[in-house]
Structures are given as C-alpha cells and as structure tokens.
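Scroll down for the structure; my scribbles are underneath it.
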Amino acid sequence: MPSRHLHLVVDDDLGPALWVREQTAPGRARAAEDLTALQETAPEPLAAALAVLPDRLRHRVRLRGRAGAPDRRVPAAALTGPELVGLVEAVRALLEARFGEDALERVSALIAQGTPVLLGEDVAAMPDLQAATVLDVEAARLVARRDLRILGTERHGLAGLVWRGPDPDRPPLLDALVDARARAAFAAHVGSVGAEDRDGDEQDPLGVLPALTADGELGGDLPAQRAVAAALEAFRDSGRAVVLASTDDELVVRLFEPEPGSTDWLLQTCLRQEDGTVHPVDALRAVGGLTAAGAAEAAAAIMQRSPVVRGARVDTTGLDWVLTTPEVSTLLAEDAAALERAAVTVLLPRGWTAQRTTVRAEQADEPEDARKKGSGVGIGAMASFRWRVAVGDTELTEEEMEEIREAQSEIVHLRGQWVRLDTTTLRAAERFLDAFAARTGQPRRPRTPEEQAAAERRREQWRRAQDARRQGEAGGPGTPEPEPEPRLTPAEFTGDTTWAEIFSLLLSPDAADMGFAYDAMTSTGGEGLARLLPGGRGPETLPSPATLQATLRPYQQDGLDWMWALDRLGLGGILADDMGLGKTMQVLSLLCREREQGDDSPAPGPTLLVCPMSVVGAWQREAARFAPQLRVHVHHGGARLRDAGFAQLARRHDVVLTTYSLLARDLELLRSVPWHRIVLDEAQHVKNPGTQVTRAARSLQAPHRLAMTGTPVENRLGDLHSLMEVVNPRLLGSAAQFAERIADPIEEEGDEGALARLKFVTSPFVLRRVKTDRSIIKDLPEKTELTRVVNLTPEQAGLYEAIVEELMASVDGAAENQRRALVVSTLTRLKQVCNHPAHYLGDGSALVRGGAHRSGKLELVDDLLENAFADGEKVLLFTQFTQFGHLLAPYWEERFAGYGIDVPFLHGGVAKPDRDAMVARFQERTDEPGLMLLSLRAGGTGLTLTAANHVVHLDRWWNPAVENQATDRAFRIGQRRDVTVHKLVSAGTVEERIDGVLADKQQLADLTIAPGEDWIASLDDAALRDLLSLDAADSWEGDG
Amino acid sequence: MSIPLRSRRGAIGKGWHAVALRTAAELLLGPGRASGGRADARAGRVQWLDLSPGRARGAVLGADGEVHEAQLDLAPLVGADRAVVLRIARAHPELPARLASGTYPEEIERELAREEVSLLPRGASELSHDCSCLDWPGPCRHVAALVYVLVESVDEDPTGLLTLRGLSLGDLIAPRDEAPAGGVPSGAGADDPEDASEAEPGSPGAGGEGTPGQGAVDPRRLDPAPLAAVIGEPPAALLASFFAAAELEDGEPEGTTPDPPTVEP
C-alpha cells in the first residue's frame, strides 16, 4: 500500500504547488508538512527533482471542498517554473520507465479512471500530477513551435508579462507549464546570442527582457504597460497568414438584390483585402479572422457615415442590414457619396450600372398637305414629331413612366428586374418632354377627367399584373398562373411644330444631359426634310442627267438626288464624301440636272464656285470633259474683269470659278451678281469663322449653297459650325451657344447624348460616304495600315535624351509663353532626331556611316524600298520636313541607282508646271519601280498618284485627317492594287506615345477632335516628362 | 501627456448614458468636489485613463505638482447578472455595432432594468474610489477629475462601460451555432469562392494543427519594427529571433529550445 500520494495543483495566489497526502495508518491520512522523507526515499530522478524544494511545506493552498464541504487549506510547496518543469519531467520519466512505448496512452486512460500510479515503493502520482505530464508534452511542443502569446498581467499591484499558448480557456496547469518552459527557452536564447551584457536601462527601458525571462516587473506607467501588451499582441498578429485588420483593409458595403418575391435588400459589411478579394465581416468574425470588436467597428464606421443605415433594420449578424427599396434609393442617392468620400466602397449587385434614360426619336413626319396649308418650306415647314422614352433598352409604357415618377426613387422594379436609374438622364428626359410640350402647345399628361380616369384604370391593371408576376416568381409550381401580360405599348409623346423649332430645341439647354437616340426611327410617309432624316424614305430618285458625259456610280446618283432634294427645299448642304469618291462629278451632275428641267422653267442663274488655286485647273478640265455644254468662266489672274461688265459676263455663264483669296479681295464685285448658287470646294477654308474669307463667304447672297469637303471636322466641332453657318445660317445657333451646349460637352466630356443630337440635327444636311465602306465602293482594293515601330540607334537615343533633359531644365520656372515656345521647338527637334541625326544636326554628315545606319527609320525604309522595287512597285514617301527630303532624295538616287530611278521631291517650292511633270512621269509607267518624296502639306491635296501602292509616313503629323488626305493620293479611284500604308514610329519616344493618342481618335474620324501640339505645351512638368522622355527599354541593342 | 476635454463649459457628457454615469458619480463626489474635478479635468490635469474590468484608473496632476493615481471602481457583472446582460445583448445583434458607433440604445438599458441589471452604476453606492494621495478618505480632487474624463470617454465610446463591467464586444455576440438561422440570404457570399471556403467553421488557432490556415500565425514572419518602437530595438530583435527559431514540421532549425519530449523513439 503506497503511503504517499503526490498532488499538483494550481493555486489562485501561489500558482503551481505540490502537496502530499500521507497515509499514517490504514484508513487514516493527512497532508504532509515535510518533504524530507520523500526526498530520501523517492526513486530517481524524482528524488533529485524534490531535492531542490524546501524540506518544510510552508505554503498553504486552498483545496475546493467536495460537494457541500467547505474549502480547506493544506501545506504545500509553491513551485517556480524550473521546479515545476523538473518535477513533471521526473514523473514522466518514471511513468515511461513503467509503461514503455504507450506511456502517454496508458496514462491518459488512467487519468480518466482517476487511478493513482505507483512511481516507487511507497509513492504514487495522483491524476492531477499524471495529467501534468501529458500537458507538459503539449507545452513543450507549443514552445518549440513558438506558438506563443505574451500577455500583460498584474499581480499584487505589480505589472508583469506571461507566456501563454495560443488558446485561452486551457487548464491553468498548461499555462504554468508553457510559461515555465517559454521563460527558460527565451532566457537560453537571450544567453546564446550573448545579449546578457547589454546595458539594461537604455537598451530595454521598460524591462521587457527581465519580465520575460525571470519574474521581473514591467516598467513604465499603466498606459505604457498597456502599450507593451498591445504591441506584443500586434507583433504576433503580424505573422498571421491572412492579416485582417479593419485599419489595413478597405471597408466595403455590398448590396444584394432581394430574393424573388421579397423587397428586402441585404447590405453587407465587408472588407476588401489588398489582393482584391472581398470578405463579409460576419464570415471573418466567425473564423476568427477579425475580432468581435473589429467587426463591430467596421459596421459602426458604415453607420456613422450613412443616416439610412443608422435607421435601417439590422439582420441577425448585427453587422449587416436589411433595407427597403426606398432606403436603397436614398442610400444610393445621398449616402453613397459620403461613404465613398470616407473611402468606403459601395458594391452594387453584379452588372448594376445606373441605366440611362434615353429619349428616342420615334418618328418625324412632314405631312404632304402641310405645305399646302401655307406653312413654310424647308426648316420652316410644320412637322409632327413623336418620341418614346427608354430606360436602358426598354421602352417605357405610360404606366411605367408614371410608376417611376411616383416612386421618386432611383431604384425601380421594371419588367421583373430591379433597375437603378441614372437620375440625371431621367430628369433631363422629363425636362425635354416638358419643353417639347410647351413648344408644341400640347399637354404632356391627360387633362380631362375621363382621360385621367382611363389612365388610372390602366395603371391599376398594370400594377395587378406586376404583383401577380412577383408572386409568380416567388411561389413554387403550385401557384396559379399570373394573368397574361397586357400588351406593352410604349408611351408616345407627339406634337407638331416646325423643323427649325425642333432643331433649336434639340440644341437648347432643355435637351442638355439627355440620353438621345434615333436609330430605331420608323420609316415615315412624310415629305420634305422628313425624307432625309435617318429612317426616312430618302430623297426622290430621278434619272441621271442626260447631258452628263459620264455614268454616275450608284452612290454618286444618291448624292445628286440628295443635293437636288435640299435644293428644292431651299436648304444648303455639306457634301463630305471621302476624297476620291468624285464630289466634283456629283456637283457637275447637279448643274446638268437643273438645266434639263424643260423649257417652261426659267434657266437657272450662274453658280459661283470657289476653290483653292491648285484645283481650278482640275475643275476646268472635268467640266469640259463631262459637261462640255456648261459655260465655265475663270475669274482669276491679273487680267480678270473687275468692273460692271463682270456681272453681265457672269450672267452669260453657268459656272464662274474663282479662288478663296479672290473671294475676299473681290467681294464687292462678286456680291454684285445675283448668284443662283454658291459652291465652296475644299470648304475647310471657311472652317475658321473669324477669317476674312469666311466672313466673305457668309456675306454672299444666293438661294442655294453647297460646301464640299473631305474633312468636315478637321480639328474641332467648331469647324462644322462654321461650315454650316455658310450653307445654312443659324441652323446650329450662334457659335458661342454651339460651343457651350454641344461642342464642349462632346469634346471635353464625351457627351454621347449631345453627339447624337448634333448628328440628328445635321443628318439631313451632311452627306458623307467613306471609301472604306465596301457597300459604297465596290471597285477599290484593300488598304492596309501598318504602324511600323523602329528603334532608335544609340546615337539617336543619346541626342534624344539630351534634348529632353535640356528642355526639362529650361522649362523649370519659364514664363507661360516662353514655355510654350520651348516645348514646341523641342517637339520639332525630337522629331528630327527620330528621323535622322544628320537631320537634327544639319551638319551635312553622311546618312550612313561606314555601312552602319545612324537612323532606325532609314534602315527600315531602305529595306522596304528594296522589297517594293524588287516587285516593280512604286512608293510615296511623306515627310513634314522639307529639309529632310533634301537629304533623302540624293541618298536614295545613289543607293538605288541599280533600278535606274530618279527621286522626285514635291514640296512647296516646286513650281506648278514642274509638279505636273513630276506627277505625270510618276503615273506613266505603273509597273516599274518608282519613288516620290512629298512634303506633307504640299503633297497632301489635289494630286492623284495611284501608280504607287505603298505610302510611307516618315514622321507623324498629329492630325489623322491630314495624314489620311496624304494617303488618299494613292488610295483613290483608279487604284488597282492593294495599298499598304506604313506609318513610322520611333519606339519609346514621344512619337509612340502620341501614336497611341491618334489611334484612339481615329475611331471618331468622322467627327473627330484631332489634337494639335498646343495641348502638349500646357502639360505640367511631370506629365511633360512622362510624354517626352525616352523609354530606355526600347533603345537599340547592338549595331544592327 | 494629458487628456484634453471636448467640453469647455456646462455639463460634461451629452449622451444619456454619460449623463447617467455622471449623475451617479456626482452623488459620490458631492457638489464641491464635482466642480473642482470639472475644473481639473478641463485644465487637462488627467494624464491618462485606463479602463479594466471593475476599475477605471488615471494619473492626475495634483495641485502639489505630484502625479497621483486615482481610481474609480464599479463591480464587474458576474454570474446571473452577467448572464442576463449576455442574453439580452445577444437578442440585439446590432448592439456591438451601435456601441462601437458611439450610441448605447436606451431600450437595452430598459430591458436590463426589468431584470434589475444595468451597465451603469445605479447610484453612488455601486461606486468606490481610491487614490495614491493622502486625502483620505476622499473622494479627492483627483478622483473627481478622473470621473469627468471617464464620463467624456464613455460618452464617445460606450464600449468603455462594457470593459468596466467585465465584458467585451465579443461577449455580446452569440456563438455561431446559437445565432438564429437564415440571417443571410442564400445569394450572399455565394458568388465569391473565397467566401464559401471562409464561411466554413474552421478551427482558428487550434494550436497543435500544423497547417497555417485562416489566421494561423507563422512565427518566422513576425514583424518586429512596430514592437521596437514601443519596447526598444534590442528586446524586439531578441523576441523576433526567438520566434524565428520555431521548429515547424519541415526542417527543424537549430534551436536553443529544449528538445520536445518524446514518448519513445
């Protein structure tokens, strides 16, 4: 019978303590007061572990009394950390000796039974001590794995630190073992790195090390001690695989659509981690990724910023809310901005962008009898207009519009789906329709009681259908079928007014911000302008003029009919076909047709045709060839008639040709003639409203006006306004109004509604066909545009970087105008460097040095020419630098001497006869190698060079329209081969960056805004550097 | 360091709960001490405030130029009282967020009152005080100043009341399996795969598990820099290298730790 039972307990005050139950006689036992006997008789290593303890058990530990019995106190030995570990290890050694391999399992089983285990002859370990050996295994493992927390403690008013395992709520004995083992391990670690001779106070001002290795007191005041504890906690958290703290992660609220049949919107508090994943705070809290306090703070941050959320119903998580539809609407309309300002992202249901409200032009009709009623003609004629309103792609019924109006909400339930309305366009549509009603004098909403009642009945019916549908969605298969949908008739808004009125309304502020579309216009049976609108029947088709000595292509016939229709309505037009589509032919055919109207109608008066000097000859020749019966007079040259005889002379002719420069100079003379029509060819000459030429063009009186241009918008929408002012004065309002209401919104904000309205208003008056439209031109071959990116040579790169650096140094602090000049001149120099170092240096050095190229561009072009010549093809090369052309021409003549070609260079300084000769020679032999250099501005217009099927742009002009004009020298009617356009761009340079800008703009080429160079000058220094500086990764490797 | 009071004149504490706390504390202080304490608090004499279960402590700069440590005690809620608070709080899942956003809904307090429990002291008798100064038995000016700083702190952040009562925000949240079902529509959280995996009740910090799952700590990745700012560079570096010597499943580094005991090789 064992006489001594060892107990290990953890006392609230003493911590771990050993007490011994001693059997004094059979059936009698007491708590031992003294360890001496045990220390002597216990088996090793237990005896050694006990030997370090005091003989007498001076402490008293409190033992809980068994059910009902009072607590009692027994003598015990309080154990320090090392003593505890020593004792537990000794006991374990004995247990292992006894049970061998499965000691741990056996002991666990014994603990469960509450059986003492003999350690020696008269000493046994009680279950609490046995348990300690099991817990110690866990403690040692935690310490080895450093799975440890450090907590602040306060005992007897003294602050300290303790080591703990990761889990709270473990047995106190485990805590004691972990603390003892961790203290020892950390002390050993501190000793092993030789840190013990540190200068205590300075190195460790708060005494953290003594508090963690021995039982040192933590220094500092209470807040400092709290800070230490918090820092230690944060230290541990920094090692979490997923770091989640509301301070680091972005706060997000996510909105979920109601389940079918419900109107409860869930608004969920979430965090977005750095990697972009969004986690509900509720889920994070559940898995311990976020503390309860952190979760509550996240939700609180939402509440603090959103009155709606503060008042909303909270769901069972306490972190998310259940909103009603009006609450969601208010949240989006009012609170979302405040949340976003506070960097809280509001995530809406997938695919949930605000739907724009669009006013759709449904029909525009000019009844045939309207004119008979004595209303005006042209844009003065009365017409009836019909609009519909759509949200997204859904055309709204009267009932739906009423529902939206009544809901006063951003969120509406529309045809079974929740839709978020873009309130700006919704209000804009309402405003437009009100203004339309006011201008047409027709009320928008039903007035009479009967009408109102009828509308109310319809609405009620509709609501019932909606409810039925909702229930149908919510319910299972057992629910009855909802009653069939009433047929959905879109609401229509109609009214009568003049074209002029409607155009002015569409361009007025009443139409601002409005979504506008006219693509679904139904074909109308109307007359007048209605025929020319999109969806209209189109102009009346008449036979080709018999007196025209050519066959019109179908699209040319269409153009003629269109010009004819406008003529009959007394309106002007802009014929804006691509270059090469035969605008001249179409205008000639118009002149022929009006002279074939039979003998009863009076012969029309003369047409004044204004064009650039360079194409006067072309007009003369084409008129003589295709319409020889037309009497053409050229008002040009020093010998021109300048007296009263001019008017008489003009009357005797069908066409009077003159130039833009004479238009301004001979204005009074030209005004003295009652012109039947004014035609402005290359009408971009009047794109600038302030110039003398434009003012002169506007002041000429004539019932019919026509502008011809391949580029109706060369730079800005203001160009279009200026052109339209000449052909249809006041149609687009004043220049200032047009800029403010239409041009600026389109150009600066990309306002698609404004663009649609402008296109709608101008659609009857502008006819533009493009060559790339294969339905228009069936016999023109393909055009392939290639952007060829070439590398700079090291020489070029060095020069380039030096220039950029020089600029950046000198713009710093430069005055505005000085800065502009600096930037513009630097751009020129950079382009020169990209072309060729010799071009920039102007030193007359050789273009190729020792067989090695100095310019990446030249090398590429040499190869390109070699290939083209080998195939017997001709090439056009454009540069904007005349000086560069002069370098290149002799170089290529020498290099390609083997092909026996000469290199003509057509630039501004070449006299007209020489130009014509160059062109004629170039065009002559189509299947032989050939090369022509052209300066961009001089060669850009009026030439036909279809013998070439390669076009190379050596340097870029920042305006695609100008480049395209040049390209069209080769790509025009008469071209029989596919044309390849090579645009050279130096890699990593400003050329490449601007090429990106141009590529974007090209898509809007019809109504484009091509950037000049001014905007570059207005960039700030950093943006300027970004734009100009050389991207080193692209510089030339090796010597190529 | 001192705690600036927002209130410059008039009553300190605006929210109803702050007013209730102040009213109880002023009964303890008496009018004379109260006005002195207000003045001291507004003068910024309270250096810091610390809240722990059952006790608010603060260092107050006395008129004698000494810093005294004053304390105000309010018994933590234990046993049945604590159970009542938890039951009522868990029936109001929004309570933690409300408290965190600075409001203590009065209806909660009314529900507690029906069961004769309160987060607030229900009179001066529930409060006791102590101070390191010699003005015994008090309450001294230091305790009075502490009271007003405490009132304003709790006014802004009612979770301080929880702390005093021995509770935390986490205690107010029902354990997962107790939460009423159906709180989250099925659509919520199901559209991100991450959500789905996270929503699984994992075993956060389950100690012995070797897989560093959600929230598990990798002791080799601890960042000592913020710690160094608080406790100094050398101790922080020692702690970091100590943790870095962790013996994980693969490749046990040479550690200075005792060998983990093995039952049998």
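In the structure tokens, chains take the letters A, B, ... in the order shown, each chain's residues start at 1, and ligands count up from 1 in the order shown.
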With the cut-off set at 7 Å and counting only C-alpha atoms, tabulate each residue of chain A with an atom at most that distance from an atom of chain B, showing the nearest atom pair and its distance in Å to one decimal, ordered by chain and increasing number, as a tab-separated table.
```
residue	atom	partner	partner_atom	distance
A:Glu101	CA	B:Glu264	CA	5.4
A:Ala103	CA	B:Val263	CA	6.9
A:Leu104	CA	B:Val263	CA	6.9
A:Val137	CA	B:Pro261	CA	6.2
A:Ala140	CA	B:Pro260	CA	5.4
A:Arg141	CA	B:Pro260	CA	5.8
A:Ala144	CA	B:Glu247	CA	5.6
A:Arg145	CA	B:Ala246	CA	4.7
A:Arg146	CA	B:Ala246	CA	5.1
A:Pro166	CA	B:Gly207	CA	6.1
A:Asp167	CA	B:Gly207	CA	6.9
A:Ala185	CA	B:Thr257	CA	4.9
A:Phe186	CA	B:Phe242	CA	6.7
A:Ala188	CA	B:Thr256	CA	6.3
A:His189	CA	B:Thr256	CA	5.6
A:Val190	CA	B:Leu238	CA	6.7
A:Gln203	CA	B:Pro234	CA	6.1
A:Asp204	CA	B:Gly232	CA	5.9
A:Leu206	CA	B:Ile231	CA	6.5
A:Val208	CA	B:Pro235	CA	6.9
A:Leu209	CA	B:Pro235	CA	6.4
A:Pro223	CA	B:Asp50	CA	6.8
A:Val228	CA	B:Val230	CA	6.3
A:Ala231	CA	B:Leu227	CA	5.3
A:Leu232	CA	B:Leu227	CA	6.6
A:Phe235	CA	B:Leu222	CA	6.2
A:Arg236	CA	B:Leu222	CA	6.3
A:Asp237	CA	B:Val217	CA	6.8
A:Ser238	CA	B:Leu222	CA	5.3
A:Gly239	CA	B:Leu222	CA	4.5
A:Arg240	CA	B:Val217	CA	4.1
A:Ala241	CA	B:Gly215	CA	5.7
A:Val242	CA	B:Gly215	CA	5.4
A:Phe256	CA	B:Ala188	CA	6.9
A:His279	CA	B:Asp195	CA	6.1
A:Ala283	CA	B:Ala199	CA	5.3
A:Ala286	CA	B:Arg176	CA	6.8
A:Val287	CA	B:Gly202	CA	5.9
A:Gly288	CA	B:Pro204	CA	5.9
A:Gly289	CA	B:Gly215	CA	5.5
A:Ala292	CA	B:Gly170	CA	4.5
A:Ala293	CA	B:Leu169	CA	5.4
A:Ala296	CA	B:Ala97	CA	4.2
A:Glu297	CA	B:Ala100	CA	5.4
A:Ala299	CA	B:Ala97	CA	5.5
A:Ala300	CA	B:Ser101	CA	4.4
A:Ala301	CA	B:Ser101	CA	6.7
A:Met303	CA	B:Ser101	CA	6.9
A:Gln304	CA	B:Ser101	CA	6.2
A:Val314	CA	B:Glu94	CA	5.9
A:Asp315	CA	B:Gly183	CA	6.1
A:Thr316	CA	B:Gly183	CA	5.3
A:Thr317	CA	B:Pro93	CA	5.8
A:Gly318	CA	B:Glu94	CA	3.8
A:Leu319	CA	B:Glu94	CA	6.5
```
Go ahead and save the picked residues with C-alpha atoms, as a compact mmCIF listing (two decimals), in the first residue's frame.
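selection.txt was written with the following content:
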```txt
# COMPACT_ATOMS: atom_id res chain seq x y z
CA GLU A 101 6.10 2.92 -25.54
CA ALA A 103 3.06 5.59 -21.70
CA LEU A 104 1.10 8.54 -22.94
CA VAL A 137 4.16 17.33 -23.80
CA ALA A 140 6.93 21.70 -24.83
CA ARG A 141 5.56 21.39 -28.33
CA ALA A 144 9.27 24.53 -29.64
CA ARG A 145 6.90 25.71 -32.32
CA ARG A 146 6.88 29.16 -30.78
CA PRO A 166 -2.46 30.34 -28.40
CA ASP A 167 -5.76 29.28 -26.83
CA ALA A 185 13.76 28.85 -23.65
CA PHE A 186 13.79 32.59 -24.09
CA ALA A 188 18.57 30.47 -23.10
CA HIS A 189 18.04 32.26 -26.40
CA VAL A 190 18.99 35.61 -24.90
CA GLN A 203 18.56 49.00 -24.31
CA ASP A 204 15.42 47.80 -22.58
CA LEU A 206 10.69 49.04 -19.83
CA VAL A 208 10.69 43.63 -21.06
CA LEU A 209 13.51 41.08 -21.06
CA PRO A 223 -0.66 53.23 -20.31
CA VAL A 228 3.62 46.98 -24.45
CA ALA A 231 2.44 45.88 -29.23
CA LEU A 232 3.22 42.28 -28.32
CA PHE A 235 3.67 41.57 -33.08
CA ARG A 236 2.14 38.13 -33.02
CA ASP A 237 -0.68 39.14 -35.36
CA SER A 238 1.86 40.36 -37.89
CA GLY A 239 2.70 36.70 -38.54
CA ARG A 240 -0.81 35.71 -39.48
CA ALA A 241 -1.12 34.06 -42.84
CA VAL A 242 -4.07 36.31 -43.53
CA PHE A 256 -27.69 42.29 -52.72
CA HIS A 279 -14.93 39.06 -47.44
CA ALA A 283 -17.70 35.43 -42.06
CA ALA A 286 -16.86 33.59 -37.47
CA VAL A 287 -13.49 32.12 -38.39
CA GLY A 288 -11.51 34.37 -36.13
CA GLY A 289 -10.04 36.48 -38.90
CA ALA A 292 -15.78 40.94 -32.50
CA ALA A 293 -14.66 44.46 -31.71
CA ALA A 296 -18.41 45.93 -34.74
CA GLU A 297 -16.13 48.83 -35.58
CA ALA A 299 -20.19 48.11 -39.07
CA ALA A 300 -20.06 51.20 -36.88
CA ALA A 301 -17.97 53.02 -39.47
CA MET A 303 -23.42 53.61 -39.63
CA GLN A 304 -21.55 56.74 -38.76
CA VAL A 314 -30.22 45.10 -38.63
CA ASP A 315 -30.11 41.45 -39.54
CA THR A 316 -29.16 38.69 -37.16
CA THR A 317 -25.43 39.08 -37.65
CA GLY A 318 -25.59 42.56 -36.20
CA LEU A 319 -23.19 43.60 -38.95
```
Practice item. Tell me, as a VMD selection string, which residues lie within 12 Å of Arg925 (chain A), counting only C-alpha atoms; anything in the same chain fewer than 3 positions away does not count. Key: chain A and resid 872 to 874 901 919 to 922 928 to 931 945 to 948
Practice item. Write down as a PyMOL selection string the residues of region 277-479 of chain A whose backbone DSSP state falls under helix (DSSP H, G or I). Key: chain A and resi 281-286+292-305+307-311+325-341+368-370+378-380+398-407+423-440+449-474
Practice item. Could you tell me how far CA of Tyr899 (chain A) lies from CA of Met918 (chain A), in Å and to one decimal? Key: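 Taking CA of Tyr899 (chain A) and CA of Met918 (chain A), their separation equals 17.9 Å.
Nearest to Arg45 (chain B) of all the residues B:Gly79, B:Gly123, B:Gly10, B:Pro4 is B:Pro4, based on only C-alpha atoms.
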Practice item. Provide the CA of Ala707 (chain A) to CA of Val727 (chain A) distance in Å, to one decimal place. Key: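 Pair CA of Ala707 (chain A) / CA of Val727 (chain A) returns 6.8 Å.
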